[in-house]
>>> print(open('query_19.cif').read())   # mmCIF, C-alpha atoms
data_protein
#
loop_
_atom_site.label_atom_id
_atom_site.label_comp_id
_atom_site.auth_asym_id
_atom_site.auth_seq_id
_atom_site.Cartn_x
_atom_site.Cartn_y
_atom_site.Cartn_z
CA MET X 10 154.11 -47.01 -88.69
CA ARG X 11 152.39 -45.99 -85.47
CA ARG X 12 152.64 -49.56 -84.11
CA LEU X 13 156.38 -49.51 -84.74
CA ALA X 14 156.64 -46.14 -83.01
CA VAL X 15 154.75 -47.44 -79.95
CA LEU X 16 156.90 -50.59 -79.88
CA LEU X 17 160.09 -48.51 -79.93
CA ALA X 18 158.79 -45.82 -77.56
CA THR X 19 157.80 -48.43 -74.98
CA GLY X 20 161.21 -50.11 -75.14
CA PHE X 21 159.74 -53.21 -76.78
CA GLY X 22 157.13 -53.46 -74.03
CA VAL X 23 159.27 -52.66 -70.98
CA GLY X 24 157.22 -49.48 -70.57
CA CYS X 25 154.13 -51.63 -70.05
CA ILE X 26 155.46 -52.99 -66.74
CA PRO X 27 152.84 -51.66 -64.29
CA LEU X 28 155.19 -50.45 -61.54
CA ALA X 29 158.01 -47.93 -62.25
CA PRO X 30 158.44 -48.58 -65.98
CA ALA X 31 161.00 -45.78 -66.33
CA SER X 32 163.19 -47.31 -63.64
CA TRP X 33 162.92 -50.75 -65.23
CA ALA X 34 163.91 -49.32 -68.61
CA SER X 35 166.88 -47.52 -67.04
CA LEU X 36 167.95 -50.63 -65.13
CA GLY X 37 167.55 -52.84 -68.20
CA THR X 38 169.70 -50.46 -70.23
CA ALA X 39 172.35 -50.40 -67.49
CA LEU X 40 172.42 -54.19 -67.31
CA CYS X 41 172.72 -54.46 -71.09
CA LEU X 42 175.65 -52.04 -71.01
CA LEU X 43 177.51 -53.79 -68.19
CA PRO X 44 179.42 -56.38 -70.24
CA PHE X 45 180.43 -53.81 -72.87
CA LEU X 46 181.42 -50.75 -70.85
CA PRO X 47 185.06 -51.51 -70.04
CA ARG X 48 185.89 -51.79 -73.74
CA PHE X 49 183.10 -49.80 -75.43
CA ASP X 50 184.38 -47.29 -77.97
CA PRO X 51 182.99 -43.85 -77.01
CA TRP X 52 182.52 -42.98 -80.69
CA ILE X 53 180.34 -46.03 -81.26
CA LEU X 54 178.34 -45.39 -78.08
CA GLY X 55 178.01 -41.74 -79.11
CA ALA X 56 176.59 -42.81 -82.48
CA VAL X 57 174.17 -45.18 -80.72
CA ILE X 58 173.06 -42.36 -78.39
CA LEU X 59 172.43 -40.03 -81.32
CA ALA X 60 170.49 -42.72 -83.18
CA VAL X 61 168.37 -43.71 -80.17
CA THR X 62 167.68 -40.05 -79.38
CA ALA X 63 166.65 -39.20 -82.95
CA LEU X 64 164.52 -42.34 -83.16
CA GLY X 65 163.11 -41.50 -79.74
CA VAL X 66 162.00 -38.02 -80.77
CA TRP X 67 160.06 -39.54 -83.66
CA ALA X 68 158.74 -42.61 -81.80
CA ALA X 69 157.74 -40.73 -78.64
CA GLY X 70 155.97 -38.06 -80.70
CA GLU X 71 154.01 -40.71 -82.59
CA ALA X 72 153.33 -42.81 -79.48
CA GLU X 73 151.87 -39.82 -77.64
CA ARG X 74 148.86 -39.89 -79.95
CA PRO X 75 147.49 -43.24 -78.72
CA LEU X 76 149.16 -43.28 -75.28
CA GLY X 77 148.92 -39.63 -74.15
CA ARG X 78 151.34 -36.76 -73.52
CA ASP X 79 154.62 -38.13 -72.09
CA ALA X 80 152.71 -41.23 -70.96
CA GLY X 81 154.30 -43.60 -68.46
CA PRO X 82 154.77 -46.43 -70.97
CA ILE X 83 157.02 -44.23 -73.13
CA VAL X 84 160.50 -45.16 -71.92
CA ILE X 85 162.77 -44.64 -74.92
CA ASP X 86 163.84 -41.41 -73.23
CA GLU X 87 165.18 -43.38 -70.26
CA ILE X 88 167.04 -45.72 -72.60
CA ALA X 89 168.75 -42.81 -74.36
CA GLY X 90 169.34 -41.15 -70.99
CA MET X 91 171.11 -44.12 -69.42
CA LEU X 92 173.31 -44.46 -72.48
CA LEU X 93 174.31 -40.80 -72.27
CA ALA X 94 174.77 -40.95 -68.49
CA VAL X 95 177.73 -43.32 -68.90
CA TRP X 96 179.08 -42.10 -72.24
CA ALA X 97 182.89 -41.82 -72.12
CA VAL X 98 182.96 -41.86 -68.31
CA PRO X 99 186.21 -43.33 -66.99
CA LEU X 100 185.06 -46.38 -65.09
CA GLY X 101 188.37 -47.26 -63.54
CA SER X 102 188.48 -50.50 -61.59
CA ARG X 103 184.89 -50.12 -60.38
CA PRO X 104 182.60 -50.33 -63.44
CA LEU X 105 179.74 -51.89 -61.44
CA VAL X 106 179.90 -49.14 -58.79
CA MET X 107 179.98 -46.44 -61.47
CA LEU X 108 177.06 -48.02 -63.35
CA ALA X 109 175.02 -48.26 -60.13
CA LEU X 110 175.85 -44.65 -59.33
CA ALA X 111 174.83 -43.65 -62.88
CA PHE X 112 171.48 -45.40 -62.42
CA VAL X 113 170.76 -43.77 -59.06
CA LEU X 114 171.86 -40.27 -60.11
CA PHE X 115 170.01 -40.42 -63.43
CA ARG X 116 166.76 -41.66 -61.86
CA CYS X 117 166.95 -39.01 -59.10
CA LEU X 118 167.54 -36.20 -61.59
CA ASP X 119 164.85 -37.53 -63.92
CA VAL X 120 162.28 -37.62 -61.11
CA TRP X 121 163.36 -34.38 -59.40
CA LYS X 122 163.84 -32.42 -62.65
CA PRO X 123 165.71 -29.36 -61.39
CA PHE X 124 165.84 -26.19 -63.52
CA PRO X 125 166.09 -26.18 -66.57
CA ILE X 126 165.26 -29.88 -66.93
CA ARG X 127 161.60 -29.45 -65.94
CA GLN X 128 161.10 -26.54 -68.34
CA SER X 129 162.32 -28.63 -71.28
CA GLN X 130 159.24 -30.84 -70.96
CA HIS X 131 157.21 -28.04 -72.52
CA LEU X 132 158.88 -28.57 -75.88
CA PRO X 133 156.46 -29.95 -78.49
CA GLY X 134 155.93 -33.62 -79.26
CA GLY X 135 158.75 -36.09 -78.92
CA TRP X 136 161.21 -33.29 -78.12
CA GLY X 137 159.43 -32.64 -74.82
CA VAL X 138 159.62 -36.34 -73.96
CA MET X 139 163.29 -36.76 -74.84
CA VAL X 140 165.08 -33.53 -73.92
CA ASP X 141 164.42 -33.60 -70.17
CA ASP X 142 166.01 -37.05 -69.93
CA ILE X 143 168.92 -36.00 -72.13
CA LEU X 144 169.55 -33.03 -69.83
CA ALA X 145 169.27 -35.22 -66.71
CA ALA X 146 171.69 -37.67 -68.31
CA ALA X 147 174.16 -34.90 -69.20
CA VAL X 148 174.20 -33.72 -65.58
CA THR X 149 174.59 -37.33 -64.44
CA ASN X 150 177.51 -37.76 -66.83
CA LEU X 151 179.28 -34.70 -65.42
CA LEU X 152 178.71 -35.87 -61.84
CA LEU X 153 180.06 -39.33 -62.72
CA ARG X 154 183.19 -37.78 -64.23
CA ALA X 155 183.73 -35.92 -60.95
CA ALA X 156 183.13 -39.14 -58.99
CA ALA X 157 185.62 -40.98 -61.21
CA LEU X 158 188.29 -38.44 -60.25
CA VAL X 159 187.57 -39.01 -56.56
CA LEU X 160 187.32 -42.82 -56.79
CA ARG X 161 190.57 -43.32 -58.72
#
>>> encode(input="query_19.cif", output="structure tokens")
Amino acid sequence: MRRLAVLLATGFGVGCIPLAPASWASLGTALCLLPFLPRFDPWILGAVILAVTALGVWAAGEAERPLGRDAGPIVIDEIAGMLLAVWAVPLGSRPLVMLALAFVLFRCLDVWKPFPIRQSQHLPGGWGVMVDDILAAAVTNLLLRAAALVLR
């Protein structure tokens, strides 16, 4: 079971990329979303986000044992975060611009970790790994909604 948890937590090995694994996981998720976003049902994406987040709490918690506390290779939090960052955001006629903006905003907030995002990392186990990215993604989502109003 622990091997499965590590496999999931590392995004099927993406987290093992030596340079900026979190950014690669976020970018990979964004690129996988690109063909689906214009017609993706928000209810289905919402269910996927909930499933990835729940799985991530378990997998990250288990993967911390062999890899270390919120270790760099654990990237399932970035995958869930990128999904949430674009959830139900009106993309308008510029889906690529909005997706790129989502990537940049999410990565900036995930690295910077303004209050209360940073404090959420102190939660135990997989919760501490996942919640900070979920909060960064929620802020990103709100900022993207504001940008969508401006870019209409």
>>> atom_distance(input="query_19.cif", atom1="atom CA of Val159 of chain X", atom2="atom CA of Ala109 of chain X")
16.0 Å
>>> closest_residue(input="query_19.cif", among="X:Leu43, X:Leu92, X:Ala69, X:Ala97", to="Val57 of chain X", atoms="only C-alpha atoms")
X:Leu92
>>> resolve_selection(input="query_19.cif", expression="the PyMOL selection byres ((chain X and resi 113) around 12)", output="mmCIF file with C-alpha atoms, in the frame of the given file")
data_model
loop_
_atom_site.group_PDB
_atom_site.id
_atom_site.type_symbol
_atom_site.label_atom_id
_atom_site.label_comp_id
_atom_site.auth_asym_id
_atom_site.auth_seq_id
_atom_site.Cartn_x
_atom_site.Cartn_y
_atom_site.Cartn_z
ATOM 1 C CA SER X 32 163.190 -47.310 -63.640
ATOM 2 C CA SER X 35 166.880 -47.520 -67.040
ATOM 3 C CA LEU X 36 167.950 -50.630 -65.130
ATOM 4 C CA ALA X 39 172.350 -50.400 -67.490
ATOM 5 C CA MET X 91 171.110 -44.120 -69.420
ATOM 6 C CA ALA X 94 174.770 -40.950 -68.490
ATOM 7 C CA VAL X 106 179.900 -49.140 -58.790
ATOM 8 C CA MET X 107 179.980 -46.440 -61.470
ATOM 9 C CA LEU X 108 177.060 -48.020 -63.350
ATOM 10 C CA ALA X 109 175.020 -48.260 -60.130
ATOM 11 C CA LEU X 110 175.850 -44.650 -59.330
ATOM 12 C CA ALA X 111 174.830 -43.650 -62.880
ATOM 13 C CA PHE X 112 171.480 -45.400 -62.420
ATOM 14 C CA LEU X 114 171.860 -40.270 -60.110
ATOM 15 C CA PHE X 115 170.010 -40.420 -63.430
ATOM 16 C CA ARG X 116 166.760 -41.660 -61.860
ATOM 17 C CA CYS X 117 166.950 -39.010 -59.100
ATOM 18 C CA LEU X 118 167.540 -36.200 -61.590
ATOM 19 C CA ASP X 119 164.850 -37.530 -63.920
ATOM 20 C CA VAL X 120 162.280 -37.620 -61.110
ATOM 21 C CA TRP X 121 163.360 -34.380 -59.400
ATOM 22 C CA ALA X 145 169.270 -35.220 -66.710
ATOM 23 C CA ALA X 146 171.690 -37.670 -68.310
ATOM 24 C CA THR X 149 174.590 -37.330 -64.440
ATOM 25 C CA ASN X 150 177.510 -37.760 -66.830
ATOM 26 C CA LEU X 152 178.710 -35.870 -61.840
ATOM 27 C CA LEU X 153 180.060 -39.330 -62.720
#
>>> resolve_selection(input="query_19.cif", expression="the PyMOL selection byres ((chain X and resi 51) around 12)", output="VMD selection string")
chain X and resid 45 to 50 52 to 58 92 to 93 95 to 99
>>> closest_residue(input="query_19.cif", among="X:Ile85, X:Val148, X:Ala155, X:Leu105", to="Trp136 of chain X", atoms="only C-alpha atoms")
X:Ile85
>>> atom_distance(input="query_19.cif", atom1="atom CA of Ala156 of chain X", atom2="atom CA of Pro125 of chain X")
22.7 Å
>>> closest_residue(input="query_19.cif", among="X:Val15, X:Ala147, X:Pro82, X:Arg103", to="Ala31 of chain X", atoms="all atoms listed in the file")
X:Pro82
>>> residues_near_point(input="query_19.cif", point="(167.1, -42.9, -83.8)", cutoff="12 Å", atoms="only C-alpha atoms", output="list in words")
Ala14, Leu17, Ala18, Gly55, Ala56, Val57, Ile58, Leu59, Ala60, Val61, Thr62, Ala63, Leu64, Gly65, Val66, Trp67, Ala68, Ala69, Ile85, Asp86, Ile88, Ala89, Gly135 and Met139 of chain X
>>> closest_residue(input="query_19.cif", among="X:Pro133, X:Val140, X:Gly90, X:Arg12", to="Ala72 of chain X", atoms="all atoms listed in the file")
X:Arg12
>>> decode(input="query_19.cif", residues="segment 107-121 of chain X", atoms="all heavy atoms", output="PDB file, in the first residue's frame")
ATOM      1  N   MET X 107      -5.988  32.298 -19.802  1.00  0.00           N
ATOM      2  CA  MET X 107      -6.489  32.054 -18.449  1.00  0.00           C
ATOM      3  C   MET X 107      -5.756  30.900 -17.781  1.00  0.00           C
ATOM      4  O   MET X 107      -5.443  30.952 -16.589  1.00  0.00           O
ATOM      5  CB  MET X 107      -7.999  31.783 -18.486  1.00  0.00           C
ATOM      6  CG  MET X 107      -8.821  32.988 -18.901  1.00  0.00           C
ATOM      7  SD  MET X 107      -8.633  34.403 -17.787  1.00  0.00           S
ATOM      8  CE  MET X 107      -9.633  33.872 -16.421  1.00  0.00           C
ATOM      9  N   LEU X 108      -5.459  29.850 -18.528  1.00  0.00           N
ATOM     10  CA  LEU X 108      -4.732  28.709 -17.979  1.00  0.00           C
ATOM     11  C   LEU X 108      -3.310  29.109 -17.599  1.00  0.00           C
ATOM     12  O   LEU X 108      -2.801  28.720 -16.542  1.00  0.00           O
ATOM     13  CB  LEU X 108      -4.740  27.550 -18.969  1.00  0.00           C
ATOM     14  CG  LEU X 108      -4.370  26.191 -18.425  1.00  0.00           C
ATOM     15  CD1 LEU X 108      -5.273  25.787 -17.270  1.00  0.00           C
ATOM     16  CD2 LEU X 108      -4.441  25.155 -19.532  1.00  0.00           C
ATOM     17  N   ALA X 109      -2.661  29.913 -18.441  1.00  0.00           N
ATOM     18  CA  ALA X 109      -1.312  30.394 -18.127  1.00  0.00           C
ATOM     19  C   ALA X 109      -1.338  31.288 -16.892  1.00  0.00           C
ATOM     20  O   ALA X 109      -0.459  31.186 -16.018  1.00  0.00           O
ATOM     21  CB  ALA X 109      -0.732  31.150 -19.319  1.00  0.00           C
ATOM     22  N   LEU X 110      -2.340  32.144 -16.807  1.00  0.00           N
ATOM     23  CA  LEU X 110      -2.489  33.010 -15.635  1.00  0.00           C
ATOM     24  C   LEU X 110      -2.744  32.173 -14.383  1.00  0.00           C
ATOM     25  O   LEU X 110      -2.180  32.450 -13.320  1.00  0.00           O
ATOM     26  CB  LEU X 110      -3.634  34.001 -15.873  1.00  0.00           C
ATOM     27  CG  LEU X 110      -3.836  35.085 -14.833  1.00  0.00           C
ATOM     28  CD1 LEU X 110      -2.572  35.914 -14.619  1.00  0.00           C
ATOM     29  CD2 LEU X 110      -4.993  35.992 -15.254  1.00  0.00           C
ATOM     30  N   ALA X 111      -3.554  31.121 -14.501  1.00  0.00           N
ATOM     31  CA  ALA X 111      -3.811  30.222 -13.375  1.00  0.00           C
ATOM     32  C   ALA X 111      -2.512  29.584 -12.899  1.00  0.00           C
ATOM     33  O   ALA X 111      -2.237  29.531 -11.689  1.00  0.00           O
ATOM     34  CB  ALA X 111      -4.811  29.141 -13.780  1.00  0.00           C
ATOM     35  N   PHE X 112      -1.699  29.126 -13.833  1.00  0.00           N
ATOM     36  CA  PHE X 112      -0.418  28.497 -13.485  1.00  0.00           C
ATOM     37  C   PHE X 112       0.480  29.480 -12.734  1.00  0.00           C
ATOM     38  O   PHE X 112       1.001  29.168 -11.663  1.00  0.00           O
ATOM     39  CB  PHE X 112       0.281  27.981 -14.750  1.00  0.00           C
ATOM     40  CG  PHE X 112       1.672  27.485 -14.500  1.00  0.00           C
ATOM     41  CD1 PHE X 112       1.891  26.237 -13.938  1.00  0.00           C
ATOM     42  CD2 PHE X 112       2.770  28.269 -14.822  1.00  0.00           C
ATOM     43  CE1 PHE X 112       3.181  25.787 -13.696  1.00  0.00           C
ATOM     44  CE2 PHE X 112       4.058  27.824 -14.586  1.00  0.00           C
ATOM     45  CZ  PHE X 112       4.273  26.580 -14.026  1.00  0.00           C
ATOM     46  N   VAL X 113       0.640  30.670 -13.271  1.00  0.00           N
ATOM     47  CA  VAL X 113       1.535  31.667 -12.665  1.00  0.00           C
ATOM     48  C   VAL X 113       1.021  32.088 -11.281  1.00  0.00           C
ATOM     49  O   VAL X 113       1.790  32.121 -10.310  1.00  0.00           O
ATOM     50  CB  VAL X 113       1.714  32.889 -13.590  1.00  0.00           C
ATOM     51  CG1 VAL X 113       2.435  34.024 -12.880  1.00  0.00           C
ATOM     52  CG2 VAL X 113       2.475  32.483 -14.849  1.00  0.00           C
ATOM     53  N   LEU X 114      -0.254  32.413 -11.191  1.00  0.00           N
ATOM     54  CA  LEU X 114      -0.812  32.840  -9.902  1.00  0.00           C
ATOM     55  C   LEU X 114      -0.720  31.733  -8.858  1.00  0.00           C
ATOM     56  O   LEU X 114      -0.319  31.970  -7.708  1.00  0.00           O
ATOM     57  CB  LEU X 114      -2.277  33.259 -10.065  1.00  0.00           C
ATOM     58  CG  LEU X 114      -2.540  34.589 -10.738  1.00  0.00           C
ATOM     59  CD1 LEU X 114      -4.028  34.757 -11.016  1.00  0.00           C
ATOM     60  CD2 LEU X 114      -2.015  35.734  -9.892  1.00  0.00           C
ATOM     61  N   PHE X 115      -1.091  30.516  -9.245  1.00  0.00           N
ATOM     62  CA  PHE X 115      -1.053  29.397  -8.309  1.00  0.00           C
ATOM     63  C   PHE X 115       0.363  29.130  -7.821  1.00  0.00           C
ATOM     64  O   PHE X 115       0.603  28.977  -6.620  1.00  0.00           O
ATOM     65  CB  PHE X 115      -1.658  28.139  -8.938  1.00  0.00           C
ATOM     66  CG  PHE X 115      -1.514  26.928  -8.067  1.00  0.00           C
ATOM     67  CD1 PHE X 115      -2.147  26.862  -6.833  1.00  0.00           C
ATOM     68  CD2 PHE X 115      -0.739  25.863  -8.472  1.00  0.00           C
ATOM     69  CE1 PHE X 115      -2.007  25.742  -6.016  1.00  0.00           C
ATOM     70  CE2 PHE X 115      -0.591  24.744  -7.667  1.00  0.00           C
ATOM     71  CZ  PHE X 115      -1.228  24.685  -6.433  1.00  0.00           C
ATOM     72  N   ARG X 116       1.324  29.111  -8.733  1.00  0.00           N
ATOM     73  CA  ARG X 116       2.713  28.840  -8.320  1.00  0.00           C
ATOM     74  C   ARG X 116       3.233  29.966  -7.413  1.00  0.00           C
ATOM     75  O   ARG X 116       3.913  29.704  -6.420  1.00  0.00           O
ATOM     76  CB  ARG X 116       3.637  28.674  -9.537  1.00  0.00           C
ATOM     77  CG  ARG X 116       3.400  27.429 -10.360  1.00  0.00           C
ATOM     78  CD  ARG X 116       3.442  26.117  -9.554  1.00  0.00           C
ATOM     79  NE  ARG X 116       4.684  26.020  -8.826  1.00  0.00           N
ATOM     80  CZ  ARG X 116       4.771  25.582  -7.563  1.00  0.00           C
ATOM     81  NH1 ARG X 116       3.700  25.209  -6.891  1.00  0.00           N
ATOM     82  NH2 ARG X 116       5.935  25.529  -6.967  1.00  0.00           N
ATOM     83  N   CYS X 117       2.919  31.211  -7.738  1.00  0.00           N
ATOM     84  CA  CYS X 117       3.352  32.336  -6.893  1.00  0.00           C
ATOM     85  C   CYS X 117       2.762  32.221  -5.491  1.00  0.00           C
ATOM     86  O   CYS X 117       3.474  32.365  -4.488  1.00  0.00           O
ATOM     87  CB  CYS X 117       2.964  33.670  -7.519  1.00  0.00           C
ATOM     88  SG  CYS X 117       3.962  34.120  -8.948  1.00  0.00           S
ATOM     89  N   LEU X 118       1.463  31.955  -5.405  1.00  0.00           N
ATOM     90  CA  LEU X 118       0.825  31.844  -4.093  1.00  0.00           C
ATOM     91  C   LEU X 118       1.323  30.620  -3.332  1.00  0.00           C
ATOM     92  O   LEU X 118       1.466  30.657  -2.107  1.00  0.00           O
ATOM     93  CB  LEU X 118      -0.698  31.795  -4.241  1.00  0.00           C
ATOM     94  CG  LEU X 118      -1.347  33.123  -4.583  1.00  0.00           C
ATOM     95  CD1 LEU X 118      -2.777  32.913  -5.071  1.00  0.00           C
ATOM     96  CD2 LEU X 118      -1.317  34.062  -3.398  1.00  0.00           C
ATOM     97  N   ASP X 119       1.602  29.548  -4.048  1.00  0.00           N
ATOM     98  CA  ASP X 119       2.094  28.335  -3.397  1.00  0.00           C
ATOM     99  C   ASP X 119       3.502  28.534  -2.846  1.00  0.00           C
ATOM    100  O   ASP X 119       3.844  28.020  -1.779  1.00  0.00           O
ATOM    101  CB  ASP X 119       2.058  27.159  -4.375  1.00  0.00           C
ATOM    102  CG  ASP X 119       2.391  25.840  -3.709  1.00  0.00           C
ATOM    103  OD1 ASP X 119       2.090  25.674  -2.511  1.00  0.00           O
ATOM    104  OD2 ASP X 119       2.945  24.964  -4.387  1.00  0.00           O
ATOM    105  N   VAL X 120       4.318  29.291  -3.541  1.00  0.00           N
ATOM    106  CA  VAL X 120       5.685  29.562  -3.065  1.00  0.00           C
ATOM    107  C   VAL X 120       5.670  30.620  -1.972  1.00  0.00           C
ATOM    108  O   VAL X 120       6.312  30.470  -0.927  1.00  0.00           O
ATOM    109  CB  VAL X 120       6.590  29.999  -4.248  1.00  0.00           C
ATOM    110  CG1 VAL X 120       7.922  30.516  -3.755  1.00  0.00           C
ATOM    111  CG2 VAL X 120       6.774  28.842  -5.217  1.00  0.00           C
ATOM    112  N   TRP X 121       4.923  31.700  -2.177  1.00  0.00           N
ATOM    113  CA  TRP X 121       4.892  32.824  -1.242  1.00  0.00           C
ATOM    114  C   TRP X 121       4.179  32.451   0.052  1.00  0.00           C
ATOM    115  O   TRP X 121       4.600  32.838   1.135  1.00  0.00           O
ATOM    116  CB  TRP X 121       4.233  34.022  -1.925  1.00  0.00           C
ATOM    117  CG  TRP X 121       4.057  35.234  -1.089  1.00  0.00           C
ATOM    118  CD1 TRP X 121       4.924  35.723  -0.144  1.00  0.00           C
ATOM    119  CD2 TRP X 121       2.948  36.135  -1.114  1.00  0.00           C
ATOM    120  NE1 TRP X 121       4.419  36.879   0.411  1.00  0.00           N
ATOM    121  CE2 TRP X 121       3.196  37.148  -0.171  1.00  0.00           C
ATOM    122  CE3 TRP X 121       1.778  36.181  -1.856  1.00  0.00           C
ATOM    123  CZ2 TRP X 121       2.305  38.185   0.058  1.00  0.00           C
ATOM    124  CZ3 TRP X 121       0.905  37.216  -1.640  1.00  0.00           C
ATOM    125  CH2 TRP X 121       1.169  38.203  -0.688  1.00  0.00           C
TER     126      TRP X 121
END
